[in-house]
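Take a look at the structure below.
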Amino acid sequence: MPVPALPRLGLGCAPLGNLYTAMTDEQAEATVAAAFATRAGQPAYFDVAPHYGLGRAEERLGAALAGRDRGSYLLSTKVGRRLRDLRPGETPDGQGFVDNPPRAREWDFTADGIEATLEGSLRRLGVDRVDLVFLHDVEDHLDEVRATGFPALAALRDQGVVGAIGFGMNHSGVLAGLVADLDVDVVLCAGRWTLLERTAYDDLLPVCERRGTQVVAGGVYNSGLLADPRPGAPYDYQAAPAGLVERARQLQAVCGEFGVPLRAAALRYPFAHPAVTCAVVGAASAAEVRDNAALFDYDIPAELWPALVAQGLLDPDVPLPAAALPAVGR
């Protein structure tokens, strides 16, 4: 099944699962409403997963979508981690999420497990279908994925139960191997094709372009450093090394010379490669959603990108973004 025409900017819904900080149901609903308000006539796009708050993000997203026209939005969720109720004596393992419901995650790549995980997501989201399904963070489970996980998901695609299918993770080399070997419609690659990192350009993106596999870019701020380049800022969910902080500050300084916020440049940059059709960015409030939308539409002078190359902040062989982007992916 073809990948739906995704809008260029989607909402990453991990914050709705209380990633690092709790939010209220009302804040979650307002965040989702803001994504609809800023969609500029295109369908809103939401990316979620059972992993996010042990199902809480899907529940909150489902509540916020209730009553809305199903044609007004696109949904992706993920499989691989199946949720179950806690057993006596167990406590939730938050894995970065706080104030969690009484559930546990279990890896499950069996056909029954994939189907049960998807059914749970549909129930929490309150919908009868999702547009994209990703196998999530499977880099340590490749034998199971190839033997049962991906074939099970492909069978659901063939039956019309799910739309487009693929993988979501931050290991671009692993993604490249999966795209090369399997019938993958789309991948979500986090943090490997940004102003600070070109790894996906060297391994994943050429394979996707050759195979016609679309790429959703996640982690465009490298988990925070490109949003606020300061000592102690996170990079790949850990404190950034001093050298990377300095490079991010240099990027910020050159962007400032052109009147461009660093975050606006970070949002636009992944689209320099034609395989990238969408970026998903998390937001923990309606104000953050509106801010991301404004930054995405920021008028960036074409001269900025060659200036970054001239300063040694981008490699001379990487592609540079076009002056403007269509509203939706190919």
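In the structure tokens, chains take the letters A, B, ... in the order shown, each chain's residues start at 1, and ligands count up from 1 in the order shown.
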Exercise: stretch 312-323 of chain A partners within 12 Å, only C-alpha atoms, chain neighbours under 6 positions left out, as a short mmCIF file (atom, residue, chain, number, x, y, z; two decimals) with N, CA, C and O atoms, in the first residue's frame:
```cif
data_model
loop_
_atom_site.label_atom_id
_atom_site.label_comp_id
_atom_site.auth_asym_id
_atom_site.auth_seq_id
_atom_site.Cartn_x
_atom_site.Cartn_y
_atom_site.Cartn_z
N TRP A 193 20.25 12.31 10.78
CA TRP A 193 20.40 13.20 9.62
C TRP A 193 19.96 14.59 10.05
O TRP A 193 18.81 14.98 9.94
N THR A 194 20.91 15.30 10.63
CA THR A 194 20.65 16.59 11.24
C THR A 194 21.80 17.54 10.92
O THR A 194 22.79 17.15 10.29
N LEU A 195 21.68 18.75 11.38
CA LEU A 195 22.78 19.71 11.23
C LEU A 195 24.06 19.23 11.92
O LEU A 195 25.15 19.69 11.58
N LEU A 196 23.92 18.32 12.88
CA LEU A 196 25.09 17.84 13.62
C LEU A 196 25.55 16.46 13.20
O LEU A 196 26.63 16.03 13.61
N GLU A 197 24.75 15.74 12.43
CA GLU A 197 25.13 14.36 12.14
C GLU A 197 24.68 13.97 10.74
O GLU A 197 23.52 14.20 10.36
N ARG A 198 25.56 13.32 10.00
CA ARG A 198 25.30 12.91 8.62
C ARG A 198 25.25 11.40 8.44
O ARG A 198 25.24 10.91 7.31
N THR A 199 25.23 10.64 9.51
CA THR A 199 25.33 9.19 9.41
C THR A 199 24.33 8.61 8.42
O THR A 199 24.68 7.77 7.57
N ALA A 200 23.08 9.04 8.51
CA ALA A 200 22.05 8.48 7.63
C ALA A 200 22.31 8.84 6.17
O ALA A 200 21.91 8.09 5.27
N TYR A 201 22.97 9.94 5.93
CA TYR A 201 23.29 10.31 4.55
C TYR A 201 24.24 9.31 3.93
O TYR A 201 24.18 9.03 2.73
N ASP A 202 25.10 8.75 4.75
CA ASP A 202 26.10 7.81 4.24
C ASP A 202 25.60 6.38 4.13
O ASP A 202 26.12 5.61 3.32
N LEU A 205 20.03 6.84 3.64
CA LEU A 205 19.31 7.62 2.63
C LEU A 205 19.57 7.15 1.20
O LEU A 205 18.63 7.12 0.38
N LEU A 244 30.69 19.08 20.76
CA LEU A 244 29.43 19.20 20.04
C LEU A 244 28.67 20.45 20.47
O LEU A 244 28.00 21.09 19.65
N GLU A 246 30.03 23.24 21.34
CA GLU A 246 30.69 24.34 20.65
C GLU A 246 30.28 24.39 19.19
O GLU A 246 30.03 25.48 18.64
N ARG A 247 30.19 23.24 18.55
CA ARG A 247 29.78 23.24 17.14
C ARG A 247 28.34 23.75 17.00
O ARG A 247 28.02 24.50 16.09
N ALA A 248 27.46 23.33 17.91
CA ALA A 248 26.08 23.81 17.87
C ALA A 248 26.02 25.32 18.07
O ALA A 248 25.23 26.02 17.43
N ARG A 249 26.87 25.84 18.95
CA ARG A 249 26.91 27.28 19.15
C ARG A 249 27.42 28.02 17.91
O ARG A 249 26.94 29.11 17.56
N GLN A 250 28.36 27.42 17.22
CA GLN A 250 28.84 28.02 15.98
C GLN A 250 27.74 28.01 14.92
O GLN A 250 27.57 28.99 14.17
N LEU A 251 27.00 26.92 14.84
CA LEU A 251 25.85 26.88 13.94
C LEU A 251 24.86 27.99 14.29
O LEU A 251 24.35 28.69 13.40
N GLN A 252 24.60 28.13 15.56
CA GLN A 252 23.67 29.17 16.01
C GLN A 252 24.17 30.57 15.64
O GLN A 252 23.39 31.43 15.19
N ALA A 253 25.47 30.79 15.77
CA ALA A 253 26.02 32.11 15.47
C ALA A 253 25.89 32.43 13.98
O ALA A 253 25.51 33.56 13.61
N VAL A 254 26.20 31.47 13.11
CA VAL A 254 26.09 31.74 11.68
C VAL A 254 24.63 31.92 11.29
O VAL A 254 24.30 32.82 10.50
N CYS A 255 23.75 31.11 11.83
CA CYS A 255 22.32 31.30 11.56
C CYS A 255 21.88 32.70 12.00
O CYS A 255 21.11 33.37 11.30
N ALA A 265 16.45 26.39 11.23
CA ALA A 265 17.39 25.74 10.32
C ALA A 265 17.42 24.23 10.56
O ALA A 265 17.49 23.44 9.61
N ALA A 266 17.37 23.82 11.82
CA ALA A 266 17.40 22.39 12.15
C ALA A 266 16.15 21.68 11.63
O ALA A 266 16.23 20.53 11.18
N LEU A 267 15.01 22.34 11.66
CA LEU A 267 13.79 21.75 11.14
C LEU A 267 13.83 21.60 9.62
O LEU A 267 13.34 20.61 9.06
N ARG A 268 14.39 22.57 8.94
CA ARG A 268 14.39 22.56 7.48
C ARG A 268 15.47 21.64 6.90
O ARG A 268 15.27 21.04 5.84
N TYR A 269 16.60 21.53 7.59
CA TYR A 269 17.75 20.88 6.98
C TYR A 269 17.50 19.45 6.50
O TYR A 269 17.96 19.08 5.41
N PRO A 270 16.81 18.56 7.24
CA PRO A 270 16.67 17.18 6.75
C PRO A 270 16.03 17.07 5.38
O PRO A 270 16.26 16.09 4.66
N PHE A 271 15.26 18.06 4.98
CA PHE A 271 14.58 18.00 3.68
C PHE A 271 15.54 18.27 2.52
O PHE A 271 15.12 18.26 1.36
N ALA A 272 16.80 18.50 2.82
CA ALA A 272 17.78 18.62 1.74
C ALA A 272 17.87 17.34 0.93
O ALA A 272 18.24 17.37 -0.25
N HIS A 273 17.55 16.21 1.54
CA HIS A 273 17.60 14.94 0.81
C HIS A 273 16.21 14.58 0.31
O HIS A 273 15.23 14.64 1.06
N PRO A 274 16.08 14.15 -0.96
CA PRO A 274 14.75 13.91 -1.53
C PRO A 274 14.00 12.75 -0.92
O PRO A 274 12.77 12.67 -1.07
N ALA A 275 14.67 11.83 -0.24
CA ALA A 275 13.96 10.72 0.39
C ALA A 275 13.16 11.15 1.61
O ALA A 275 12.23 10.46 2.03
N VAL A 276 13.52 12.29 2.21
CA VAL A 276 12.85 12.77 3.41
C VAL A 276 11.59 13.53 3.02
O VAL A 276 11.64 14.51 2.27
N ASP A 297 7.88 27.30 8.99
CA ASP A 297 7.54 28.19 7.87
C ASP A 297 8.47 29.38 7.77
O ASP A 297 8.24 30.29 6.97
N TYR A 298 9.52 29.40 8.58
CA TYR A 298 10.41 30.56 8.62
C TYR A 298 11.07 30.78 7.25
O TYR A 298 11.46 29.83 6.57
N ASP A 299 11.15 32.04 6.85
CA ASP A 299 11.78 32.39 5.57
C ASP A 299 13.30 32.36 5.75
O ASP A 299 13.90 33.27 6.32
N ILE A 300 13.91 31.28 5.25
CA ILE A 300 15.35 31.08 5.42
C ILE A 300 16.07 31.50 4.15
O ILE A 300 15.82 30.94 3.08
N PRO A 301 16.96 32.47 4.23
CA PRO A 301 17.70 32.88 3.02
C PRO A 301 18.51 31.72 2.46
O PRO A 301 19.15 30.96 3.19
N ALA A 302 18.48 31.59 1.14
CA ALA A 302 19.21 30.49 0.49
C ALA A 302 20.70 30.57 0.77
O ALA A 302 21.40 29.55 0.76
N GLU A 303 21.20 31.76 1.06
CA GLU A 303 22.63 31.95 1.28
C GLU A 303 23.12 31.36 2.59
O GLU A 303 24.33 31.21 2.79
N LEU A 304 22.19 31.03 3.49
CA LEU A 304 22.61 30.49 4.79
C LEU A 304 23.38 29.18 4.62
O LEU A 304 24.43 28.98 5.24
N TRP A 305 22.86 28.28 3.79
CA TRP A 305 23.42 26.93 3.72
C TRP A 305 24.85 26.94 3.17
O TRP A 305 25.73 26.30 3.76
N PRO A 306 25.14 27.66 2.08
CA PRO A 306 26.54 27.72 1.64
C PRO A 306 27.45 28.36 2.68
O PRO A 306 28.64 28.01 2.77
#
```
Helix (DSSP H, G or I) positions in stretch 55-93 of chain A, given as a list of chain:residue names: A:Arg56, A:Ala57, A:Glu58, A:Glu59, A:Arg60, A:Leu61, A:Gly62, A:Ala63, A:Ala64, A:Leu65, A:Arg70, A:Gly71, A:Ser72
Could you take the residues named above and write them with all heavy atoms, as a tab-separated table (two decimals), in the first residue's frame?
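Full text of result.tsv as output:
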```tsv
chain	number	residue	atom	x	y	z
A	56	ARG	N	-0.26	5.59	27.81
A	56	ARG	CA	-0.94	6.84	28.16
A	56	ARG	C	-1.00	7.80	26.98
A	56	ARG	O	-2.01	8.48	26.77
A	56	ARG	CB	-0.26	7.51	29.35
A	56	ARG	CG	-1.05	8.69	29.88
A	56	ARG	CD	-0.33	9.40	31.01
A	56	ARG	NE	-0.13	8.56	32.17
A	56	ARG	CZ	-1.05	8.32	33.10
A	56	ARG	NH1	-2.25	8.86	32.97
A	56	ARG	NH2	-0.78	7.56	34.13
A	57	ALA	N	0.08	7.88	26.18
A	57	ALA	CA	0.06	8.80	25.05
A	57	ALA	C	-1.03	8.41	24.05
A	57	ALA	O	-1.73	9.28	23.52
A	57	ALA	CB	1.43	8.83	24.36
A	58	GLU	N	-1.17	7.12	23.78
A	58	GLU	CA	-2.23	6.70	22.87
A	58	GLU	C	-3.61	7.01	23.44
A	58	GLU	O	-4.51	7.44	22.71
A	58	GLU	CB	-2.10	5.20	22.58
A	58	GLU	CG	-0.90	4.85	21.72
A	58	GLU	CD	-0.80	3.37	21.42
A	58	GLU	OE1	-1.07	2.56	22.32
A	58	GLU	OE2	-0.44	3.04	20.27
A	59	GLU	N	-3.80	6.80	24.73
A	59	GLU	CA	-5.09	7.10	25.34
A	59	GLU	C	-5.41	8.58	25.25
A	59	GLU	O	-6.55	8.97	24.92
A	59	GLU	CB	-5.09	6.63	26.80
A	59	GLU	CG	-5.06	5.12	26.95
A	59	GLU	CD	-4.78	4.65	28.35
A	59	GLU	OE1	-4.22	5.44	29.16
A	59	GLU	OE2	-5.09	3.48	28.66
A	60	ARG	N	-4.45	9.42	25.55
A	60	ARG	CA	-4.69	10.87	25.49
A	60	ARG	C	-4.92	11.33	24.06
A	60	ARG	O	-5.79	12.17	23.80
A	60	ARG	CB	-3.51	11.61	26.11
A	60	ARG	CG	-3.52	11.58	27.63
A	60	ARG	CD	-2.28	12.22	28.20
A	60	ARG	NE	-2.47	12.55	29.62
A	60	ARG	CZ	-1.48	12.91	30.44
A	60	ARG	NH1	-0.22	12.95	29.99
A	60	ARG	NH2	-1.73	13.19	31.69
A	61	LEU	N	-4.14	10.79	23.12
A	61	LEU	CA	-4.35	11.16	21.73
A	61	LEU	C	-5.73	10.71	21.28
A	61	LEU	O	-6.45	11.46	20.60
A	61	LEU	CB	-3.26	10.54	20.87
A	61	LEU	CG	-3.35	10.82	19.36
A	61	LEU	CD1	-3.32	12.32	19.07
A	61	LEU	CD2	-2.21	10.12	18.62
A	62	GLY	N	-6.12	9.50	21.64
A	62	GLY	CA	-7.45	9.02	21.26
A	62	GLY	C	-8.56	9.89	21.81
A	62	GLY	O	-9.53	10.18	21.10
A	63	ALA	N	-8.42	10.31	23.06
A	63	ALA	CA	-9.44	11.19	23.65
A	63	ALA	C	-9.53	12.52	22.90
A	63	ALA	O	-10.62	13.05	22.68
A	63	ALA	CB	-9.13	11.41	25.13
A	64	ALA	N	-8.37	13.04	22.50
A	64	ALA	CA	-8.35	14.33	21.80
A	64	ALA	C	-8.86	14.21	20.37
A	64	ALA	O	-9.32	15.21	19.80
A	64	ALA	CB	-6.93	14.90	21.81
A	65	LEU	N	-8.78	13.02	19.79
A	65	LEU	CA	-9.25	12.82	18.42
A	65	LEU	C	-10.73	12.45	18.36
A	65	LEU	O	-11.33	12.49	17.28
A	65	LEU	CB	-8.44	11.71	17.74
A	65	LEU	CG	-6.96	11.98	17.51
A	65	LEU	CD1	-6.28	10.74	16.92
A	65	LEU	CD2	-6.75	13.18	16.59
A	70	ARG	N	-12.28	11.48	10.56
A	70	ARG	CA	-11.11	10.61	10.39
A	70	ARG	C	-10.28	11.02	9.19
A	70	ARG	O	-9.08	10.73	9.12
A	70	ARG	CB	-11.57	9.14	10.27
A	70	ARG	CG	-10.43	8.13	10.18
A	70	ARG	CD	-9.55	8.16	11.43
A	70	ARG	NE	-8.42	7.24	11.35
A	70	ARG	CZ	-7.25	7.52	10.76
A	70	ARG	NH1	-7.06	8.70	10.20
A	70	ARG	NH2	-6.27	6.64	10.76
A	71	GLY	N	-10.86	11.69	8.23
A	71	GLY	CA	-10.10	12.15	7.09
A	71	GLY	C	-9.26	13.39	7.35
A	71	GLY	O	-8.48	13.80	6.49
A	72	SER	N	-9.40	13.95	8.54
A	72	SER	CA	-8.68	15.19	8.85
A	72	SER	C	-7.31	14.95	9.47
A	72	SER	O	-6.58	15.91	9.74
A	72	SER	CB	-9.50	16.06	9.80
A	72	SER	OG	-9.62	15.46	11.09
```
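Residues of stretch 54-107 of chain A assigned to strand (DSSP E or B) by DSSP on this structure's backbone: Tyr73, Leu74, Leu75, Ser76, Thr77, Lys78, Val79, Arg81, Arg82, Leu83, Arg84, Asp85, Phe97, Arg103, Ala104, Arg105, Glu106 and Trp107 of chain A.
Among the candidate residues A:Val216, A:Val186, A:Val98, A:Ala49, the one lying nearest to A:Gly120 is A:Ala49, with distances computed using only C-alpha atoms.
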Determine, for each residue of stretch 159-277 of chain A having at least one atom at most 8 Å from an atom of stretch 125-135 of chain A, the closest pair of atoms and their separation in Å to one decimal, counting only C-alpha atoms; order by chain and ascending number, as a tab-separated table.
```
residue	atom	partner	partner_atom	distance
A:Val161	CA	A:Arg129	CA	7.0
A:Val162	CA	A:Val130	CA	6.1
A:Gly163	CA	A:Asp131	CA	4.8
A:Ala164	CA	A:Leu132	CA	4.7
A:Ile165	CA	A:Val133	CA	4.9
A:Gly166	CA	A:Phe134	CA	4.8
A:Phe167	CA	A:Phe134	CA	4.5
A:Gly168	CA	A:Phe134	CA	5.6
A:Val187	CA	A:Phe134	CA	7.4
A:Leu188	CA	A:Phe134	CA	7.8
```
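Interatomic distance, atom CA of A:Phe36 against atom CA of A:Ser76: 16.0 Å.
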Shortest interatomic distance to A:Gly219 - which of A:Tyr73, A:Phe258, A:Phe296, A:Tyr235, counting only C-alpha atoms: A:Tyr235
Separation of atom CA of A:Gln42 from atom CA of A:Pro7, in Å and rounded to one decimal: 6.5 Å
Spatial neighbours of A:Ala287, 10 Å, only C-alpha atoms, chain gap at least 3 places, as an NGL selection string: :A and (30-31 or 34 or 283-284 or 290-293)
